[in-house]
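For reference, work-v1.cif is printed below; it contains mmCIF, C-alpha atoms.
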```cif
data_structure
#
loop_
_atom_site.label_atom_id
_atom_site.label_comp_id
_atom_site.auth_asym_id
_atom_site.auth_seq_id
_atom_site.Cartn_x
_atom_site.Cartn_y
_atom_site.Cartn_z
CA MET A 1 25.67 -7.21 -0.23
CA GLU A 2 24.46 -10.51 -1.51
CA GLU A 3 21.29 -8.81 -2.69
CA GLU A 4 23.30 -7.04 -5.38
CA GLU A 5 23.95 -10.21 -7.36
CA GLN A 6 20.30 -11.08 -7.42
CA LYS A 7 19.31 -7.60 -8.49
CA PRO A 8 20.02 -7.79 -12.25
CA ALA A 9 17.37 -10.41 -12.83
CA MET A 10 14.74 -8.30 -11.16
CA ARG A 11 15.35 -4.87 -12.61
CA PRO A 12 14.13 -5.03 -16.17
CA CYS A 13 14.31 -1.41 -17.23
CA PHE A 14 15.78 0.39 -14.29
CA GLU A 15 18.77 2.70 -14.13
CA SER A 16 20.83 2.94 -11.01
CA ASN A 17 23.49 5.56 -10.48
CA GLN A 18 25.16 3.28 -8.00
CA ARG A 19 25.80 0.50 -10.47
CA LYS A 20 26.29 2.68 -13.54
CA LYS A 21 24.78 0.03 -15.80
CA SER A 22 23.42 0.94 -19.15
CA ARG A 23 19.76 0.14 -19.47
CA SER A 24 19.36 -3.62 -19.87
CA GLY A 25 17.40 -5.28 -22.64
CA ALA A 26 13.78 -6.27 -22.97
CA PRO A 27 11.88 -6.38 -19.67
CA SER A 28 10.36 -9.76 -20.41
CA PHE A 29 13.68 -11.50 -19.69
CA ALA A 30 13.27 -10.93 -15.95
CA PRO A 31 11.57 -13.97 -14.39
CA ILE A 32 9.68 -11.83 -11.89
CA ASN A 33 7.61 -10.38 -14.70
CA ASN A 34 6.18 -13.82 -15.39
CA LEU A 35 4.10 -13.41 -12.26
CA ASP A 36 0.56 -12.26 -12.77
CA ASP A 37 -0.74 -8.96 -11.43
CA GLY A 38 -2.35 -10.50 -8.36
CA CYS A 39 0.86 -12.19 -7.19
CA LEU A 40 2.95 -9.08 -7.80
CA MET A 41 0.49 -6.96 -5.84
CA HIS A 42 0.61 -9.50 -3.02
CA ILE A 43 4.41 -9.16 -2.98
CA PHE A 44 4.14 -5.37 -2.95
CA SER A 45 1.73 -5.51 -0.03
CA PHE A 46 4.61 -6.78 2.13
CA LEU A 47 6.66 -3.71 1.30
CA SER A 48 6.41 -0.54 3.30
CA PRO A 49 5.12 2.26 1.05
CA ILE A 50 8.02 4.61 1.80
CA PRO A 51 10.64 3.92 0.54
CA ASP A 52 10.33 0.39 -0.77
CA ARG A 53 7.02 0.42 -2.63
CA TYR A 54 7.88 3.83 -4.01
CA ASN A 55 11.13 2.42 -5.38
CA THR A 56 9.28 -0.42 -7.06
CA ALA A 57 6.87 2.07 -8.61
CA LEU A 58 9.80 3.63 -10.45
CA VAL A 59 10.98 0.45 -12.14
CA CYS A 60 8.57 0.28 -15.05
CA HIS A 61 5.02 1.23 -16.05
CA ARG A 62 3.53 -2.08 -14.99
CA TRP A 63 5.13 -1.99 -11.55
CA CYS A 64 4.06 1.62 -11.09
CA TYR A 65 0.48 0.70 -11.90
CA LEU A 66 0.55 -2.23 -9.48
CA ALA A 67 2.41 -0.48 -6.65
CA CYS A 68 -0.08 2.40 -6.65
CA HIS A 69 -3.13 0.21 -7.20
CA PRO A 70 -6.13 0.84 -4.94
CA ARG A 71 -6.08 -2.81 -3.91
CA LEU A 72 -3.05 -1.99 -1.76
CA TRP A 73 -4.86 0.84 -0.01
CA LEU A 74 -6.39 0.61 3.44
CA ARG A 75 -10.12 1.07 3.60
CA VAL A 76 -12.35 2.63 6.21
CA ASP A 77 -15.87 1.32 6.08
CA ARG A 78 -18.28 1.62 8.99
CA SER A 79 -19.94 -1.65 8.06
CA VAL A 80 -16.84 -3.75 8.72
CA LYS A 81 -17.74 -6.09 11.56
CA ASP A 82 -14.99 -8.68 11.86
CA SER A 83 -11.30 -8.72 11.11
CA SER A 84 -11.52 -11.07 8.14
CA ASP A 85 -10.29 -8.46 5.68
CA PRO A 86 -6.88 -7.24 6.89
CA GLY A 87 -7.09 -4.02 4.91
CA ALA A 88 -10.52 -2.85 6.09
CA PHE A 89 -11.18 -0.91 9.30
CA PRO A 90 -14.37 0.26 10.96
CA ASN A 91 -13.13 3.72 11.81
CA ILE A 92 -10.45 6.20 10.88
CA GLU A 93 -8.45 5.95 14.11
CA SER A 94 -7.80 2.24 13.69
CA ALA A 95 -6.85 2.68 10.06
CA VAL A 96 -4.44 5.49 10.90
CA SER A 97 -2.77 3.52 13.65
CA ALA A 98 -2.43 0.42 11.48
CA ALA A 99 -1.13 2.32 8.46
CA ARG A 100 2.53 2.38 7.55
CA PRO A 101 4.22 5.64 6.56
CA GLY A 102 3.17 6.48 3.04
CA ASP A 103 -0.01 4.39 3.01
CA THR A 104 -3.18 5.56 1.36
CA ILE A 105 -6.48 5.26 3.21
CA LEU A 106 -9.68 5.18 1.21
CA ILE A 107 -12.67 6.34 3.23
CA ALA A 108 -15.97 4.90 2.08
CA ALA A 109 -18.63 7.29 0.87
CA GLY A 110 -22.04 7.61 2.45
CA GLY A 111 -23.01 8.73 5.93
CA SER A 112 -20.55 10.39 8.21
CA HIS A 113 -17.42 9.13 9.91
CA VAL A 114 -16.49 10.30 13.36
CA ALA A 115 -13.22 12.18 13.47
CA SER A 116 -12.31 13.62 16.85
CA ASN A 117 -8.80 14.82 17.56
CA ILE A 118 -7.21 12.18 15.37
CA GLN A 119 -3.48 12.70 15.49
CA ILE A 120 -1.59 11.76 12.36
CA LYS A 121 2.13 11.43 12.98
CA LYS A 122 3.16 9.62 9.82
CA PRO A 123 2.89 10.59 6.18
CA LEU A 124 -0.47 9.39 4.91
CA CYS A 125 -2.89 10.05 2.13
CA LEU A 126 -6.63 10.15 2.94
CA ILE A 127 -8.96 9.87 -0.02
CA GLY A 128 -12.73 10.01 -0.07
CA GLY A 129 -14.39 7.16 -1.93
CA GLY A 130 -17.24 9.03 -3.56
CA GLU A 131 -17.58 10.89 -6.83
CA LEU A 132 -17.81 14.24 -5.09
CA PRO A 133 -16.22 15.38 -1.85
CA ASP A 134 -19.72 15.88 -0.40
CA GLU A 135 -20.32 12.15 -0.29
CA THR A 136 -17.63 11.38 2.27
CA MET A 137 -18.07 13.31 5.49
CA LEU A 138 -15.78 13.44 8.49
CA LEU A 139 -17.69 14.82 11.41
CA CYS A 140 -16.06 16.44 14.39
CA SER A 141 -18.56 16.89 17.20
CA ARG A 142 -18.63 19.53 19.89
CA GLY A 143 -16.06 18.97 22.55
CA SER A 144 -13.21 18.11 20.22
CA ASP A 145 -10.62 20.68 19.28
CA SER A 146 -10.20 19.46 15.76
CA ALA A 147 -11.09 16.64 13.46
CA LEU A 148 -7.58 15.87 12.28
CA GLU A 149 -4.28 16.99 13.72
CA PHE A 150 -1.27 16.74 11.43
CA LEU A 151 2.26 16.33 12.70
CA SER A 152 3.58 14.98 9.42
CA SER A 153 3.15 15.58 5.71
CA CYS A 154 -0.21 14.36 4.51
CA LYS A 155 -2.60 14.69 1.65
CA LEU A 156 -6.39 14.92 1.81
CA SER A 157 -8.42 14.48 -1.29
CA ASN A 158 -12.13 14.39 -2.10
CA LEU A 159 -13.33 14.65 1.51
CA THR A 160 -15.69 16.82 3.52
CA VAL A 161 -14.56 17.76 7.00
CA LYS A 162 -17.23 19.31 9.17
CA ALA A 163 -16.53 20.68 12.60
CA GLU A 164 -19.44 21.66 14.79
CA LEU A 165 -17.23 23.66 17.11
CA GLY A 166 -13.52 24.01 16.81
CA CYS A 167 -11.37 23.70 13.75
CA CYS A 168 -11.42 21.15 11.01
CA LEU A 169 -7.73 20.67 10.41
CA LEU A 170 -4.99 21.46 12.87
CA HIS A 171 -1.63 21.67 11.16
CA ARG A 172 1.37 21.35 13.45
CA SER A 173 4.23 20.48 11.11
CA GLY A 174 4.99 18.98 7.75
CA ARG A 175 3.40 19.72 4.45
CA LEU A 176 -0.36 19.38 4.26
CA ILE A 177 -1.93 19.14 0.84
CA ILE A 178 -5.68 19.61 0.57
CA ASP A 179 -7.05 18.92 -2.85
CA GLY A 180 -10.68 18.97 -3.88
CA CYS A 181 -12.13 18.94 -0.38
CA VAL A 182 -14.87 20.77 1.49
CA LEU A 183 -14.19 22.30 4.89
CA GLN A 184 -17.21 23.33 6.90
CA CYS A 185 -17.30 25.18 10.15
CA GLU A 186 -19.89 26.85 12.29
CA THR A 187 -21.40 29.70 10.29
CA ASP A 188 -21.47 32.35 13.00
CA PRO A 189 -18.96 31.18 15.50
CA LEU A 190 -18.87 32.73 18.93
CA ASP A 191 -15.45 31.25 19.58
CA TYR A 192 -12.87 33.00 17.43
CA LEU A 193 -10.82 29.79 17.29
CA SER A 194 -13.38 28.15 15.07
CA CYS A 195 -11.59 28.19 11.76
CA PRO A 196 -11.39 25.53 9.08
CA ILE A 197 -7.60 25.45 9.06
CA VAL A 198 -5.43 26.30 12.03
CA SER A 199 -1.69 26.19 11.54
CA THR A 200 0.74 26.38 14.41
CA ALA A 201 3.80 25.52 12.33
CA THR A 202 6.73 27.87 12.56
CA GLY A 203 8.23 27.38 9.12
CA SER A 204 11.74 27.04 10.45
CA LYS A 205 12.50 23.89 8.51
CA VAL A 206 12.86 25.00 4.93
CA VAL A 207 14.15 22.33 2.59
CA SER A 208 15.46 23.52 -0.73
CA SER A 209 14.88 21.14 -3.57
CA PRO A 210 14.65 21.27 -7.35
CA ILE A 211 10.86 21.09 -7.07
CA GLY A 212 10.43 24.28 -5.13
CA TYR A 213 9.34 25.19 -1.65
CA HIS A 214 9.35 22.24 0.66
CA GLY A 215 9.16 23.50 4.16
CA ASP A 216 6.23 23.25 6.51
CA GLY A 217 3.07 24.61 5.06
CA VAL A 218 -0.39 23.96 3.75
CA SER A 219 -1.34 23.82 0.09
CA VAL A 220 -4.99 24.12 -0.72
CA SER A 221 -6.44 23.64 -4.16
CA GLN A 222 -9.99 23.52 -5.47
CA THR A 223 -11.43 23.45 -1.97
CA ARG A 224 -14.69 24.88 -0.72
CA ILE A 225 -14.46 26.57 2.62
CA GLU A 226 -17.68 27.40 4.38
CA GLY A 227 -18.24 29.04 7.73
CA GLY A 228 -15.68 29.82 10.34
CA ALA A 229 -14.37 33.12 11.59
CA LYS A 230 -11.71 33.17 8.91
CA ALA A 231 -10.37 30.53 6.56
CA VAL A 232 -6.91 30.10 8.04
CA LEU A 233 -5.66 30.96 11.48
CA THR A 234 -1.89 30.88 11.83
CA SER A 235 -0.18 31.23 15.15
CA GLY A 236 3.32 30.61 13.76
CA ASP A 237 5.28 32.45 11.10
CA LEU A 238 3.30 31.17 8.17
CA ALA A 239 1.08 33.42 6.13
CA LEU A 240 -1.43 33.12 3.34
CA GLN A 241 0.10 33.37 -0.09
CA ARG A 242 -1.22 33.31 -3.62
CA VAL A 243 -4.90 33.26 -2.86
CA ARG A 244 -7.21 32.61 -5.77
CA VAL A 245 -10.97 32.24 -5.64
CA MET A 246 -13.29 30.89 -8.25
CA CYS A 247 -17.01 31.60 -7.89
CA ALA A 248 -19.22 28.75 -9.00
CA ARG A 249 -23.00 28.92 -8.99
CA THR A 250 -23.51 27.85 -5.39
CA SER A 251 -20.12 27.96 -3.78
CA LEU A 252 -16.65 29.40 -3.80
CA PHE A 253 -13.54 27.39 -4.62
CA PHE A 254 -10.26 28.44 -3.07
CA TRP A 255 -6.66 27.95 -4.03
CA PHE A 256 -4.04 29.17 -1.61
CA ASP A 257 -0.83 28.25 0.16
CA VAL A 258 0.14 28.84 3.74
CA GLU A 259 3.89 29.25 3.73
CA CYS A 260 6.74 31.07 5.28
CA PRO A 261 6.83 34.45 3.55
CA SER A 262 10.19 34.72 1.79
CA MET B 263 -6.13 -40.26 12.03
CA ALA B 264 -5.10 -43.83 11.25
CA SER B 265 -6.76 -44.32 7.90
CA SER B 266 -7.20 -41.25 5.78
CA ARG B 267 -8.07 -41.25 2.16
CA LYS B 268 -5.28 -41.02 -0.36
CA ILE B 269 -5.64 -38.44 -3.10
CA THR B 270 -3.75 -38.64 -6.35
CA LEU B 271 -2.48 -35.41 -7.87
CA ARG B 272 -1.25 -35.33 -11.43
CA SER B 273 1.17 -32.63 -12.51
CA SER B 274 1.26 -30.94 -15.91
CA ASP B 275 3.97 -33.30 -17.16
CA GLY B 276 1.97 -36.43 -16.30
CA GLU B 277 3.62 -37.46 -13.04
CA SER B 278 1.31 -38.70 -10.30
CA PHE B 279 1.73 -37.98 -6.60
CA GLU B 280 -0.23 -39.81 -3.95
CA VAL B 281 -0.83 -37.83 -0.78
CA GLU B 282 -3.02 -38.13 2.27
CA GLU B 283 -6.24 -36.18 2.16
CA ALA B 284 -5.18 -34.05 5.14
CA VAL B 285 -2.12 -32.90 3.22
CA ALA B 286 -4.04 -32.32 -0.02
CA VAL B 287 -6.67 -30.10 1.60
CA GLU B 288 -4.01 -27.61 2.71
CA SER B 289 -4.79 -26.34 -0.75
CA GLN B 290 -8.19 -24.64 -0.78
CA THR B 291 -8.50 -25.33 -4.51
CA ILE B 292 -8.08 -29.08 -4.03
CA LYS B 293 -10.31 -28.95 -0.95
CA HIS B 294 -13.16 -27.48 -2.99
CA MET B 295 -12.60 -30.04 -5.72
CA ILE B 296 -12.88 -32.86 -3.18
CA GLU B 297 -15.99 -31.33 -1.63
CA ASP B 298 -17.56 -31.04 -5.06
CA ASP B 299 -16.81 -34.72 -5.65
CA CYS B 300 -14.40 -34.22 -8.53
CA ALA B 301 -11.65 -36.24 -6.87
CA ASP B 302 -12.61 -39.78 -7.71
CA ASN B 303 -9.79 -40.19 -10.15
CA ALA B 304 -6.54 -38.30 -10.08
CA ILE B 305 -6.86 -34.53 -9.76
CA PRO B 306 -5.15 -32.92 -12.75
CA LEU B 307 -3.13 -29.80 -12.04
CA PRO B 308 -2.24 -28.46 -15.48
CA ASN B 309 -0.55 -25.35 -14.14
CA VAL B 310 1.96 -27.07 -11.88
CA THR B 311 5.02 -29.05 -12.97
CA SER B 312 6.19 -32.15 -11.11
CA LYS B 313 9.26 -30.39 -9.71
CA ILE B 314 7.16 -27.63 -8.14
CA LEU B 315 4.39 -30.00 -7.07
CA ALA B 316 6.94 -32.10 -5.19
CA LYS B 317 8.10 -29.03 -3.26
CA VAL B 318 4.53 -27.93 -2.53
CA ILE B 319 3.67 -31.39 -1.21
CA GLU B 320 6.81 -31.35 0.96
CA TYR B 321 5.71 -28.00 2.43
CA CYS B 322 2.14 -29.09 3.08
CA LYS B 323 3.24 -32.38 4.61
CA LYS B 324 5.55 -30.59 7.03
CA HIS B 325 2.84 -28.15 8.07
CA VAL B 326 0.22 -30.86 8.54
CA ASP B 327 2.65 -32.94 10.60
CA ALA B 328 3.57 -29.90 12.66
CA SER B 329 -0.01 -29.28 13.68
CA LYS B 330 -0.76 -32.86 14.69
CA ALA B 331 -1.07 -33.27 18.43
CA GLU B 332 1.44 -36.12 18.74
CA ASP B 333 4.12 -34.39 16.77
CA ARG B 334 3.63 -30.84 17.98
CA VAL B 335 6.55 -28.88 16.64
CA ASN B 336 7.63 -25.62 18.18
CA ASP B 337 6.57 -22.51 16.27
CA GLU B 338 10.19 -21.40 16.18
CA ASP B 339 11.28 -24.73 14.69
CA LEU B 340 8.59 -24.52 12.04
CA LYS B 341 9.66 -20.99 11.13
CA ALA B 342 13.27 -22.18 10.92
CA TRP B 343 12.17 -25.04 8.67
CA ASP B 344 10.26 -22.58 6.47
CA ALA B 345 13.33 -20.35 6.21
CA ALA B 346 15.50 -23.30 5.21
CA PHE B 347 12.85 -24.52 2.75
CA ILE B 348 12.76 -21.20 0.99
CA LYS B 349 16.48 -20.53 1.20
CA VAL B 350 17.21 -23.38 -1.16
CA ASP B 351 15.12 -21.53 -3.73
CA GLN B 352 16.74 -18.17 -3.27
CA VAL B 353 19.52 -19.46 -5.45
CA ASP B 354 17.10 -20.38 -8.19
CA GLN B 355 14.75 -17.46 -8.73
CA ALA B 356 12.72 -19.24 -11.38
CA THR B 357 11.71 -21.93 -8.89
CA LEU B 358 10.75 -19.29 -6.36
CA PHE B 359 8.43 -17.55 -8.81
CA ASP B 360 6.97 -20.87 -9.95
CA LEU B 361 6.25 -21.63 -6.30
CA ILE B 362 4.41 -18.33 -5.99
CA LEU B 363 2.30 -19.12 -9.03
CA ALA B 364 1.60 -22.65 -7.76
CA ALA B 365 0.66 -21.42 -4.27
CA ASN B 366 -1.64 -18.85 -5.86
CA TYR B 367 -3.29 -21.40 -8.16
CA LEU B 368 -3.65 -24.00 -5.41
CA ASN B 369 -4.71 -21.30 -2.91
CA ILE B 370 -2.30 -22.21 -0.10
CA LYS B 371 -2.23 -18.98 1.87
CA SER B 372 0.73 -19.75 4.17
CA LEU B 373 3.01 -20.82 1.31
CA LEU B 374 1.95 -17.80 -0.76
CA ASP B 375 2.70 -15.44 2.12
CA LEU B 376 6.05 -17.13 2.78
CA THR B 377 7.22 -16.92 -0.83
CA CYS B 378 5.92 -13.38 -1.38
CA GLN B 379 7.54 -12.17 1.84
CA THR B 380 10.83 -13.66 0.60
CA VAL B 381 10.64 -11.79 -2.68
CA ALA B 382 9.60 -8.60 -0.85
CA ASP B 383 12.67 -8.93 1.39
CA MET B 384 14.80 -9.25 -1.72
CA ILE B 385 13.37 -5.99 -3.04
CA LYS B 386 13.30 -4.18 0.27
CA GLY B 387 15.60 -1.69 1.79
CA ASN B 388 17.61 -0.87 -1.27
CA LEU B 389 18.14 2.83 -0.72
CA PHE B 390 20.04 4.63 -3.43
CA PRO B 391 19.66 7.70 -5.62
CA VAL B 392 17.12 7.12 -8.29
CA ARG B 393 16.83 8.60 -11.74
CA ASN B 394 13.30 8.81 -12.93
CA GLU B 395 12.85 9.28 -16.65
CA TRP B 396 9.23 10.41 -16.53
CA LEU B 397 9.57 13.03 -13.85
CA ASN B 398 12.95 13.98 -15.21
CA PHE B 399 14.82 14.81 -12.05
CA THR B 400 17.17 13.12 -9.64
CA PHE B 401 16.48 12.96 -5.93
CA SER B 402 17.59 11.04 -2.90
CA ILE B 403 15.13 8.69 -1.28
CA ALA B 404 16.30 9.93 2.10
CA ASN B 405 14.11 13.03 1.78
CA ARG B 406 10.87 11.52 3.06
CA GLU B 407 8.72 14.58 2.64
CA LEU B 408 9.59 14.87 -1.01
CA VAL B 409 8.91 11.20 -1.56
CA LEU B 410 5.48 11.55 -0.05
CA VAL B 411 4.53 14.37 -2.38
CA CYS B 412 5.57 12.34 -5.41
CA LEU B 413 3.96 9.15 -4.17
CA THR B 414 0.68 10.86 -3.52
CA GLU B 415 0.83 12.49 -6.92
CA TRP B 416 1.21 9.06 -8.49
CA VAL B 417 -1.69 7.82 -6.41
CA ALA B 418 -3.86 10.64 -7.67
CA HIS B 419 -2.68 10.10 -11.21
CA ARG B 420 -3.55 6.42 -11.13
CA ARG B 421 -6.90 7.07 -9.59
CA LEU B 422 -7.82 9.47 -12.35
CA PHE B 423 -6.79 7.27 -15.23
CA CYS B 424 -7.03 3.70 -14.06
CA SER B 425 -10.15 3.43 -11.94
#
```
Show me this structure written as structure tokens.
Amino acid sequence: MEEEEQKPAMRPCFESNQRKKSRSGAPSFAPINNLDDGCLMHIFSFLSPIPDRYNTALVCHRWCYLACHPRLWLRVDRSVKDSSDPGAFPNIESAVSAARPGDTILIAAGGSHVASNIQIKKPLCLIGGGELPDETMLLCSRGSDSALEFLSSCKLSNLTVKAELGCCLLHRSGRLIIDGCVLQCETDPLDYLSCPIVSTATGSKVVSSPIGYHGDGVSVSQTRIEGGAKAVLTSGDLALQRVRVMCARTSLFFWFDVECPS
Amino acid sequence: MASSRKITLRSSDGESFEVEEAVAVESQTIKHMIEDDCADNAIPLPNVTSKILAKVIEYCKKHVDASKAEDRVNDEDLKAWDAAFIKVDQVDQATLFDLILAANYLNIKSLLDLTCQTVADMIKGNLFPVRNEWLNFTFSIANRELVLVCLTEWVAHRRLFCS
């Protein structure tokens, strides 16, 4: 590949098993590091997050900082009127459809965003833009089954998902990570299907890796769950594991995993 | 336009280039300088050498000519010209990066996008097993789910410490 010959100049402190090179000298010799942060981030914005931008994030500290920088994230802001800013979207659906696999979407704090049956089929990361999860609200109105439906691995962080009727998060497949969120459902639901998390995954795809369990499942950490008939409804083989609860003054924080019982 | 004003641009090493105003205002930086009436004498560009400035002017001239009604060039032809223009520089990486810096300084969006896309293509698509010293394990990039977990962890890490 002709790219191979050009590679040495651009990999300042990077080890590759394929080339079996010993680590090269000082990173400043590579001409690409003469570019300023803005130009490098502009270059990284042309790369798809998985796998290319992830690869660049492993090269050195500076590239990791730039490749994961919030300036490369997509933003959802209800006040966006025109398409002048390519990375800003007025609602979550348009941001999700425009996102590339592995992108991060930052949802602006304040008010509530409409989330009705949004299907997410690619790995994404949704982050709330406020200090607390309460400041960014995703509202699922009556008539929708769920706010977000996940068919791929995703991560939610610092968000509030409120479903008036129906479930907040519908997990079909992949690994769903919920960190520091708030899930709110109807307090006394008549419909027994009104649960914050509903998982229909079967857990048949179990990938063994040095990290640990990597099959389909849901990992919840430091999340408040309010309302609903029960916290998790699973129609597949998955079950609640390792449930921990911490009681704060006004609310309960949960940590649990929904996995295939081994 | 038959008679357009000529603008003189002076590179960092003292060489002067005379260009038509239509070509010079491809650069938003120069356009603002002209609008603010700073262009009576030569416009100094201390961040751009003569070699790079010559290439930038060549690019701008081609794009201005391409958009003129009489000389309307096919979009495909223009893209082919762009590819040939940048291919010469793929051999010399230093020139390519200097072009990026010049396009950034002069605020020429199309040239900046062209050069950055070229560098991104050079980086792209290089799938191989990666050894990561910090995380201290080896994994194959082909396992997308695993990559996502790590990528989102880095995102969270950066957000905590760098925002």
d(atom CA of B:His294, atom CA of B:Glu277) in Å:
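These two atoms are separated by 22.0 Å.
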Residues near stretch 67-76 of chain A, cut-off 9 Å, only C-alpha atoms, skip fewer than 4 positions along chain, as an MDAnalysis selection string:
(chainID A and resid 40:42 44:45 49 53:54 56:57 62:63 80 86:92 94:95 98:99 103:108) or (chainID B and resid 413 416:417 420:421 424:425)
Within 8 Å of A:Pro101 using all atoms listed in the file, minus same-chain residues under 5 positions, as a list in words
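So, after excluding close chain neighbours, the residues are Ser48, Pro49, Ile50, Lys122, Pro123 and Leu124 of chain A.
Residues selected in this file by the PyMOL selection byres ((chain A and resi 239) around 12) comprise Val198, Ser199, Thr200, Ala201, Thr202, Gly203, Asp216, Gly217, Val218, Ser219, Ala231, Val232, Leu233, Thr234, Ser235, Gly236, Asp237, Leu238, Leu240, Gln241, Arg242, Val243, Phe256, Asp257, Val258, Glu259, Cys260, Pro261 and Ser262 of chain A.
In this comparison, which uses only C-alpha atoms, the residue of A:Asp179, A:Glu135, A:Asp37, A:Asp52 approaching chain B most closely is A:Asp52.
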Between atom CA of A:Leu169 and atom CA of A:Leu151 - distance in Å to one decimal:
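Atom CA of A:Leu169 lies 11.1 Å from atom CA of A:Leu151.
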Measuring atom to atom with all atoms listed in the file, identify which of B:Asn309, B:Asp375, B:Met384, B:Lys293 is nearest to B:Ser274.
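Nearest candidate to B:Ser274 out of B:Asn309, B:Asp375, B:Met384, B:Lys293: B:Asn309.
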Give as a PDB file with C-alpha atoms, keeping the file's coordinate frame the set of residues within 9 Å of the point (-12.1, 12.7, -2.6), where distances use the file's coordinates and all atoms listed in the file.
```pdb
ATOM      1  CA  LEU A 106      -9.680   5.180   1.210  1.00  0.00           C
ATOM      2  CA  ILE A 107     -12.670   6.340   3.230  1.00  0.00           C
ATOM      3  CA  LEU A 126      -6.630  10.150   2.940  1.00  0.00           C
ATOM      4  CA  ILE A 127      -8.960   9.870  -0.020  1.00  0.00           C
ATOM      5  CA  GLY A 128     -12.730  10.010  -0.070  1.00  0.00           C
ATOM      6  CA  GLY A 129     -14.390   7.160  -1.930  1.00  0.00           C
ATOM      7  CA  GLY A 130     -17.240   9.030  -3.560  1.00  0.00           C
ATOM      8  CA  GLU A 131     -17.580  10.890  -6.830  1.00  0.00           C
ATOM      9  CA  LEU A 132     -17.810  14.240  -5.090  1.00  0.00           C
ATOM     10  CA  PRO A 133     -16.220  15.380  -1.850  1.00  0.00           C
ATOM     11  CA  ASP A 134     -19.720  15.880  -0.400  1.00  0.00           C
ATOM     12  CA  GLU A 135     -20.320  12.150  -0.290  1.00  0.00           C
ATOM     13  CA  THR A 136     -17.630  11.380   2.270  1.00  0.00           C
ATOM     14  CA  LEU A 156      -6.390  14.920   1.810  1.00  0.00           C
ATOM     15  CA  SER A 157      -8.420  14.480  -1.290  1.00  0.00           C
ATOM     16  CA  ASN A 158     -12.130  14.390  -2.100  1.00  0.00           C
ATOM     17  CA  LEU A 159     -13.330  14.650   1.510  1.00  0.00           C
ATOM     18  CA  THR A 160     -15.690  16.820   3.520  1.00  0.00           C
ATOM     19  CA  ASP A 179      -7.050  18.920  -2.850  1.00  0.00           C
ATOM     20  CA  GLY A 180     -10.680  18.970  -3.880  1.00  0.00           C
ATOM     21  CA  CYS A 181     -12.130  18.940  -0.380  1.00  0.00           C
TER      22      CYS A 181
END
```
Report, in Å to a single decimal, how far apart atom CA of B:Ala284 and atom CA of B:Ile370 are.
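Those two atoms sit 13.3 Å apart.
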Within 10 Å of B:Pro308, counting only C-alpha atoms, which residues show up once you throw out same-chain ones fewer than 6 positions away? Write them as a PyMOL selection string, please.
chain B and resi 272-276
Which residues are close to stretch 163-165 of chain A, i.e. within 7 Å by all atoms listed in the file, leaving aside same-chain residues fewer than 3 positions away? Reply as a list of chain:residue names.
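Result of the neighbour search: A:Leu139, A:Cys140, A:Ser141, A:Arg142, A:Ala147, A:Cys168, A:Gln184, A:Cys185, A:Glu186, A:Ser194.
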Expanded to explicit residues, what is the PyMOL selection byres ((chain B and resi 291) around 12) for this file, as number ranges by chain?
B: 286-290, 292-298, 300-301, 305-307, 364-371
The PyMOL selection byres ((chain B and resi 341) around 12) resolved against shown file, as a PDB file with C-alpha atoms, in the frame of the given file:
```pdb
ATOM      1  CA  TYR B 321       5.710 -28.000   2.430  1.00  0.00           C
ATOM      2  CA  LYS B 324       5.550 -30.590   7.030  1.00  0.00           C
ATOM      3  CA  HIS B 325       2.840 -28.150   8.070  1.00  0.00           C
ATOM      4  CA  ALA B 328       3.570 -29.900  12.660  1.00  0.00           C
ATOM      5  CA  VAL B 335       6.550 -28.880  16.640  1.00  0.00           C
ATOM      6  CA  ASN B 336       7.630 -25.620  18.180  1.00  0.00           C
ATOM      7  CA  ASP B 337       6.570 -22.510  16.270  1.00  0.00           C
ATOM      8  CA  GLU B 338      10.190 -21.400  16.180  1.00  0.00           C
ATOM      9  CA  ASP B 339      11.280 -24.730  14.690  1.00  0.00           C
ATOM     10  CA  LEU B 340       8.590 -24.520  12.040  1.00  0.00           C
ATOM     11  CA  ALA B 342      13.270 -22.180  10.920  1.00  0.00           C
ATOM     12  CA  TRP B 343      12.170 -25.040   8.670  1.00  0.00           C
ATOM     13  CA  ASP B 344      10.260 -22.580   6.470  1.00  0.00           C
ATOM     14  CA  ALA B 345      13.330 -20.350   6.210  1.00  0.00           C
ATOM     15  CA  ALA B 346      15.500 -23.300   5.210  1.00  0.00           C
ATOM     16  CA  PHE B 347      12.850 -24.520   2.750  1.00  0.00           C
ATOM     17  CA  ILE B 348      12.760 -21.200   0.990  1.00  0.00           C
ATOM     18  CA  SER B 372       0.730 -19.750   4.170  1.00  0.00           C
ATOM     19  CA  LEU B 373       3.010 -20.820   1.310  1.00  0.00           C
ATOM     20  CA  LEU B 376       6.050 -17.130   2.780  1.00  0.00           C
TER      21      LEU B 376
END
```
Please identify all polymer residues within 9 Å of B:Lys317, counting all atoms listed in the file, omitting same-chain residues fewer than 5 positions from it, and present them as an MDAnalysis selection string.
chainID B and resid 312 322 347 361
How would the residues just picked look written out with C-alpha atoms as a PDB file, in the frame of the given file?
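Once everything was written out, this is result-v1.pdb:
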```
ATOM      1  CA  SER B 312       6.190 -32.150 -11.110  1.00  0.00           C
ATOM      2  CA  CYS B 322       2.140 -29.090   3.080  1.00  0.00           C
ATOM      3  CA  PHE B 347      12.850 -24.520   2.750  1.00  0.00           C
ATOM      4  CA  LEU B 361       6.250 -21.630  -6.300  1.00  0.00           C
TER       5      LEU B 361
END
```
